[in-house]
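K.L.:
Submitted below is the structure of interest, expressed as structure tokens.
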Amino acid sequence: MKNTAILSLAFRSLWARKVTALLTVISIAAAVLLFVAVENLRQGARTSFERTISDTDVIVGARSSPINLILYSVFQIGDPTNNVTWETYQDIKARKDVAWVVPISLGDTHRGFRVVGTTPDYFTHYKYADSQSLTYQQGTVFTDLFDVVLGAQVARELGYELDTKITLSHGLGGTSFVNHDDLPFRVTGILKPTGTPVDRSVMVSLAAIEAIHKGWQRGTPTALSKLNTPDTLRQTSLTPDSVTAMLVGATSRVRSLGLQRDLNTYKAEPLQAVIPGVALSQLWNVVSVVERALALVSSFVIAVGLIGILTSILTSLNERRREMAILRAMGARGRHIVSLLISEAALLAFIGSVLGLTILYGLLWIFRPTLEARFNIGALRLWPGTFDLGVVIFVTVTAALLGLIPALIALKRSLSDGLTIRV
Amino acid sequence: MSTDKVLSIAQLRFGYTPTQTIIDIDRFEIAAGESVFLKGPSGSGKSTLLGLIGGVLTSQNGRLSICGTELTEVSSAQRDKLRADHLGIIFQQFNLLPYLGVIQNCILPCRFSARRRERAIKADGSVKASAKKLITGLGLSDDLLERRVGELSVGQQQRVAVARALIGGPDLIIADEPTSALDHSNRDRFIELLNHSREEFGSALLFVSHDQTLAAHFDRSVSLSDLNTMALA
């Protein structure tokens with residue numbers, strides 16, 4: 001008897017028990033869907049994580065930990081420990097091995113979105129993914145003191161357009177009690193979505209950060225500062241005393257290690273210099289604990305699904321003694337009985353895992369715009385790849401191996417039953 | 001050993017454990033084309049004997065040959081092949097696989113035996129044509145062929161089982177109480193049909209039943225209780 005004939009027998013036999021078979025298929029489909037979805041999200045998160053910053057050789061801030069520095073300077077998570085003086089900024093900028101420096105000044109927010117004080121150089125030197133530059137969907141870079149450029153998500157969530165007037169709040173908390181209400185900003189540019197934290201940033205000039213805090217003492221406005229108007233401030237010299245962090249480009253990539261070492265042993269003040277790639281992979285090691293836990297849980301779900309196949313076939317064996325006796329009487333050999341049951345297990349697993357993948361990629365395809373916009377996961381795989389093929393093969397082969405258990409039981413029984421039908 | 005014997009048993013002994021003996025038959029033969037009634041009450045070792053003839057069980061002692069091939073001397077795969085090639089088996093009831101159609105059930109032996117497949121094709125052009133011819137020859141109408149097995153009456157199912165046992169012309173038909181689920185009038189008709197059809201193929205018949213009144217339909221009648229010295233009284 002040909003193998004395809006056994007497969008067709010297995011299929012017909014399963015079809016006769018379609019309710020049980022369908023439930024088993026669904027449990028495998030759900031397990032595979034979960035497993036592949038977790039894996040896909042994991043890869044997507046990792047990729048978008050690694051795509052966050054590129055072409056920056058060294059990030060410099062006040063002495064803290066490398067992970068802390070990269071979290072607050074690039075990912076907008078956590079608070080900066082201290083600032084770096086303007087003199088240090090000038091000093092680094094003057095170094096021979098430094099091609100460019102983009103200062104970043106943090107400390108203010110707009111309705112929960114962080115404000116990044118920087119220079120127009122930010123928009124030319126900040127790169128993400130594979131050296132992609134920031135581009136505008138509308139408008140252009142800030143030119144006036146009270147101009148602001150918005151990240152894509154900020155503009156979309158708050159419904160801002162060009163020329164919308166906005167005010168900034170002091171402090172990095174979500175709700176602030178100190179607002180810069182008297183000094184409104186005008187939106188001059190809205191960036192295209194990047195899938196990086198830039199989408200959630202509000203960018204102004206360094207001078208603007210200086211201007212809205214002019215005359216403040218110990219982080220609060222004074223009677224004097226309240227006299228400031230946009231026009232008086234435009235006349236004032238607004239060179240800051242300090243910046244929060246700097247993105248530094250070396251003249252050549254090979255210089256970045258030496259540059260990092262020099263800055264970490266900087267004499268005038270304690271600095272922290274990190275190479276983004278190194279810090280990112282350190283950070284990923286921390287995150288990957290969660291990632292591994294997720295992968296473990298979802299692989300257990302697959303194991304449960306496979307045991308479900310085994311259970312459903314084992315419980316069906318009793319009511320199928322007659323089927324086996326008939327097949328034996330018609331000349332079926334032991335290996336036919338064994339391959340019939342193995343084929344059943346493999347068929348259930350194969351149909352289930354293909355169904356699971358179909359549903360998953362169907363959903364991804366439908367919800368792709370939402371996913372990309374909401375969660376900044378722009379790197380999801382939208383088509384099944386070799387990984388998914390591997391999952392299908394693994395699940396099917398494992399099910400076939402598990403199918404050996406009921407197969408051998410049925411074979412043993414069919415031998416002891418002989419040619420007599422026991423109903 | 002002459003090949004005109006489809007079944008030949010000599011000094012056959014069998015037990016499921018080494019210390020036990022359930023079957024002890026000195027001599028039992030069926031000639032080609034012969035029909036034999038075997039009276040087998042429960043406890044006479046009927047199921048075990050059928051298992052041995054079918055090659056699902058193997059005896060430790062004695063000789064048992066099907067169409068000249070000694071079953072004790074060949075591998076279990078070869079015994080399976082021998083069963084597929086030479087035996088047509090009809091059970092008491094529930095003969096058919098519920099998930100296959102009438103035709104698919106009927107051609108099942110041809111899936112497992114190349115010999116019977118070739119013979120069916122040689123006789124009627126194709127396996128399916130052979131099945132159709134057999135089924136209609138047994139008095140079942142054409143429209144039954146499209147039905148689900150479960151929609152057939154017990155009598156109709158038994159006739160499909162006969163067609164299946166006969167397809168590809170096996171040398172020996174073994175019918176194990178095939179009429180026990182049928183009523184009186186159907187019973188005699190069924191046996192006549194079975195006898196008539198298998199005569200066309202020249203197949204021998206071993207008809208096992210506990211109902212002695214049926215013995216008249218067959219060439220000869222044997223009681224398993226007499227044959228098997230280990231049968232329970």
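Identifiers in the structure tokens: chain A, B, ... in order shown; residue index from 1 per chain; ligand index from 1 in order shown.
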Env of Ala10 in chain A: 9 Å cut, atoms = only C-alpha atoms, seq-sep filter 5 positions within chain, self excluded. Answer as a PyMOL selection string.

P.N.:
chain A and resi 5+15+339-344+347

K.L.:
Could I get the residues of chain B with an atom no further than 8 Å from an atom of chain A, each paired with its nearest atom pair and that distance in Å to one decimal, using only C-alpha atoms, sorted by chain and residue number, as a Markdown table?

P.N.:
```
| residue | atom | partner | partner_atom | distance |
| --- | --- | --- | --- | --- |
| B:Ser47 | CA | A:Thr420 | CA | 6.2 |
| B:Thr48 | CA | A:Gly418 | CA | 7.6 |
| B:Leu50 | CA | A:Leu419 | CA | 6.8 |
| B:Gly51 | CA | A:Gly418 | CA | 5.0 |
| B:Gly54 | CA | A:Leu419 | CA | 7.1 |
| B:Val56 | CA | A:Gly418 | CA | 5.6 |
| B:Leu57 | CA | A:Gly418 | CA | 6.8 |
| B:Ala77 | CA | A:Arg333 | CA | 6.4 |
| B:Asp80 | CA | A:Arg333 | CA | 5.6 |
| B:Lys81 | CA | A:Gly331 | CA | 6.4 |
| B:Arg83 | CA | A:Gly331 | CA | 5.6 |
| B:Ala84 | CA | A:Gly331 | CA | 3.9 |
| B:Asp85 | CA | A:Gly331 | CA | 7.7 |
| B:Gly88 | CA | A:Met330 | CA | 7.4 |
| B:Ile89 | CA | A:Ala329 | CA | 6.4 |
| B:Phe91 | CA | A:Ile421 | CA | 7.5 |
| B:Asn95 | CA | A:Ile326 | CA | 6.8 |
| B:Leu96 | CA | A:Ile326 | CA | 7.5 |
| B:Leu97 | CA | A:Glu323 | CA | 6.3 |
| B:Pro98 | CA | A:Ala16 | CA | 7.7 |
| B:Tyr99 | CA | A:Ala16 | CA | 5.4 |
| B:Leu100 | CA | A:Arg12 | CA | 7.1 |
| B:Leu108 | CA | A:Met330 | CA | 6.6 |
| B:Pro109 | CA | A:Met330 | CA | 5.0 |
| B:Arg111 | CA | A:Met1 | CA | 5.7 |
| B:Phe112 | CA | A:Met1 | CA | 5.2 |
| B:Ser113 | CA | A:Gly331 | CA | 7.1 |
```

K.L.:
Just write the chosen residues, C-alpha atoms, as a short mmCIF file (atom, residue, chain, number, x, y, z; two decimals), in the first residue's frame.

P.N.:
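Okay, selection-v4.cif is ready:
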```cif
data_model
loop_
_atom_site.label_atom_id
_atom_site.label_comp_id
_atom_site.auth_asym_id
_atom_site.auth_seq_id
_atom_site.Cartn_x
_atom_site.Cartn_y
_atom_site.Cartn_z
CA SER B 47 -11.36 -16.90 17.43
CA THR B 48 -7.92 -18.32 18.07
CA LEU B 50 -9.26 -17.87 12.82
CA GLY B 51 -6.36 -15.77 14.11
CA GLY B 54 -5.36 -15.38 9.15
CA VAL B 56 -2.19 -12.79 12.92
CA LEU B 57 -1.26 -15.43 15.48
CA ALA B 77 4.97 -9.40 7.04
CA ASP B 80 0.13 -10.40 6.27
CA LYS B 81 0.75 -10.49 2.55
CA ARG B 83 -3.74 -12.98 4.13
CA ALA B 84 -4.19 -10.02 1.82
CA ASP B 85 -3.59 -12.10 -1.31
CA GLY B 88 -11.45 -12.83 2.04
CA ILE B 89 -12.79 -12.21 5.50
CA PHE B 91 -17.16 -10.60 10.14
CA ASN B 95 -17.73 -5.05 8.62
CA LEU B 96 -17.35 -1.67 6.99
CA LEU B 97 -15.25 1.34 7.84
CA PRO B 98 -17.78 4.09 8.57
CA TYR B 99 -15.58 6.83 7.12
CA LEU B 100 -15.22 5.25 3.70
CA LEU B 108 -9.97 -2.06 0.47
CA PRO B 109 -8.36 -5.51 -0.08
CA ARG B 111 -5.21 -1.52 -1.61
CA PHE B 112 -3.28 -4.05 0.41
CA SER B 113 -2.83 -6.79 -2.18
#
```

K.L.:
Which of these residues is nearest to Arg63 in chain B, using only C-alpha atoms: B:Gln157, B:Ser8, B:Ser126, B:Ser76?

P.N.:
B:Ser8

K.L.:
Which residues come within 9 Å of range 393-403 of chain A, counting only C-alpha atoms, excluding same-chain residues fewer than 3 positions away, as a list in words?

P.N.:
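Returned residues: Ile28, Val32, Ile302, Leu306, Ile307, Ile309, Leu310, Ile313, Val338, Ser339, Leu341, Ile342, Ser343, Glu344, Ala345, Ala346, Leu347, Leu348, Ala349, Phe350, Ile351, Ser353, Asp388, Leu389, Gly390, Pro406, Ala407 and Leu408 of chain A.
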
K.L.:
Find the spatial neighbours of range 178-192 of chain B, counting only C-alpha atoms, within a cut-off of 7 Å - ignore same-chain residues fewer than 4 positions away - and output them as a PDB file with N, CA and C atoms, in the first residue's frame.

P.N.:
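Heads up, here's the output in selection-v4.pdb:
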```pdb
ATOM      1  N   ILE B  90     -15.102 -12.117   6.230  1.00  0.00           N
ATOM      2  CA  ILE B  90     -16.381 -11.468   6.535  1.00  0.00           C
ATOM      3  C   ILE B  90     -16.652 -11.645   8.026  1.00  0.00           C
ATOM      4  N   PHE B  91     -16.892 -10.541   8.698  1.00  0.00           N
ATOM      5  CA  PHE B  91     -17.158 -10.604  10.137  1.00  0.00           C
ATOM      6  C   PHE B  91     -18.646 -10.733  10.404  1.00  0.00           C
ATOM      7  N   GLN B  92     -18.921 -10.964  11.678  1.00  0.00           N
ATOM      8  CA  GLN B  92     -20.277 -11.050  12.195  1.00  0.00           C
ATOM      9  C   GLN B  92     -21.130  -9.839  11.803  1.00  0.00           C
ATOM     10  N   GLN B  93     -20.640  -8.675  12.140  1.00  0.00           N
ATOM     11  CA  GLN B  93     -21.296  -7.433  11.710  1.00  0.00           C
ATOM     12  C   GLN B  93     -20.303  -6.274  11.818  1.00  0.00           C
ATOM     13  N   GLY B 155     -28.310  -6.004   6.604  1.00  0.00           N
ATOM     14  CA  GLY B 155     -28.253  -6.970   5.505  1.00  0.00           C
ATOM     15  C   GLY B 155     -27.470  -6.423   4.324  1.00  0.00           C
ATOM     16  N   HIS B 196     -23.332 -18.700  -4.118  1.00  0.00           N
ATOM     17  CA  HIS B 196     -23.421 -18.528  -5.563  1.00  0.00           C
ATOM     18  C   HIS B 196     -22.259 -17.680  -6.092  1.00  0.00           C
TER      19      HIS B 196
END
```

K.L.:
With only C-alpha atoms as the basis for distance, which of A:Thr124, A:Thr24, A:Thr386, A:Thr315 is at the shortest distance from Leu247 in chain A?

P.N.:
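The closest residue to Leu247 in chain A is A:Thr124.
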
K.L.:
If you run DSSP on the backbone here, which positions in range 266-401 of chain A get strand (DSSP E)? Please write them as a ChimeraX atom specification.

P.N.:
/A:271-274

K.L.:
Would you put the residues from that selection into a file with N, CA and C atoms, as a PDB file, in the first residue's frame?

P.N.:
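Done, and the output landed in selection_29.pdb:
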```
ATOM      1  N   LEU A 271      33.092  62.381  33.366  1.00  0.00           N
ATOM      2  CA  LEU A 271      32.204  62.129  32.232  1.00  0.00           C
ATOM      3  C   LEU A 271      31.965  60.634  32.064  1.00  0.00           C
ATOM      4  N   GLN A 272      30.914  60.342  31.371  1.00  0.00           N
ATOM      5  CA  GLN A 272      30.653  58.963  30.947  1.00  0.00           C
ATOM      6  C   GLN A 272      30.540  58.969  29.432  1.00  0.00           C
ATOM      7  N   ALA A 273      31.385  58.171  28.778  1.00  0.00           N
ATOM      8  CA  ALA A 273      31.289  58.073  27.324  1.00  0.00           C
ATOM      9  C   ALA A 273      30.971  56.629  26.968  1.00  0.00           C
ATOM     10  N   VAL A 274      29.967  56.425  26.131  1.00  0.00           N
ATOM     11  CA  VAL A 274      29.630  55.056  25.734  1.00  0.00           C
ATOM     12  C   VAL A 274      29.572  54.958  24.219  1.00  0.00           C
TER      13      VAL A 274
END
```

K.L.:
When distances are computed from only C-alpha atoms, which of B:Leu134, B:Val36, B:Ala231, B:Leu214 shows the smallest separation from Asp24 in chain B?

P.N.:
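The shortest atom-to-atom distance to Asp24 in chain B comes from B:Ala231.
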
K.L.:
Which residues are near Gln138 in chain A? Cut-off 12 Å, only C-alpha atoms, ignore same chain within fewer than 4 positions. Put them as a short mmCIF file (atom, residue, chain, number, x, y, z; two decimals) with C-alpha atoms, in the first residue's frame.

P.N.:
```cif
data_model
loop_
_atom_site.label_atom_id
_atom_site.label_comp_id
_atom_site.auth_asym_id
_atom_site.auth_seq_id
_atom_site.Cartn_x
_atom_site.Cartn_y
_atom_site.Cartn_z
CA VAL A 149 9.78 70.57 15.64
CA LEU A 150 7.54 67.63 16.59
CA GLY A 151 8.08 63.91 16.33
CA ALA A 152 5.45 62.07 14.26
CA ALA A 155 1.79 65.49 16.21
CA TYR A 160 -1.02 69.28 15.98
CA GLU A 161 -0.35 70.88 12.65
CA LEU A 162 2.12 73.50 11.46
CA ASP A 163 1.77 76.84 13.27
CA VAL A 187 5.20 74.33 15.33
CA THR A 188 7.47 74.75 12.31
CA GLY A 189 8.18 71.17 11.45
CA ILE A 190 6.71 67.69 11.84
CA LEU A 191 9.00 64.71 11.27
CA LYS A 192 8.11 61.51 9.46
CA PRO A 193 7.64 58.40 11.62
#
```

K.L.:
What lies within 7 Å of range 194-206 of chain A using only C-alpha atoms, ignoring chain neighbours under 3 positions off, as a PyMOL selection string?

P.N.:
chain A and resi 48+52+75-76+105+113-119+142+145+147-154+209-210+376-378
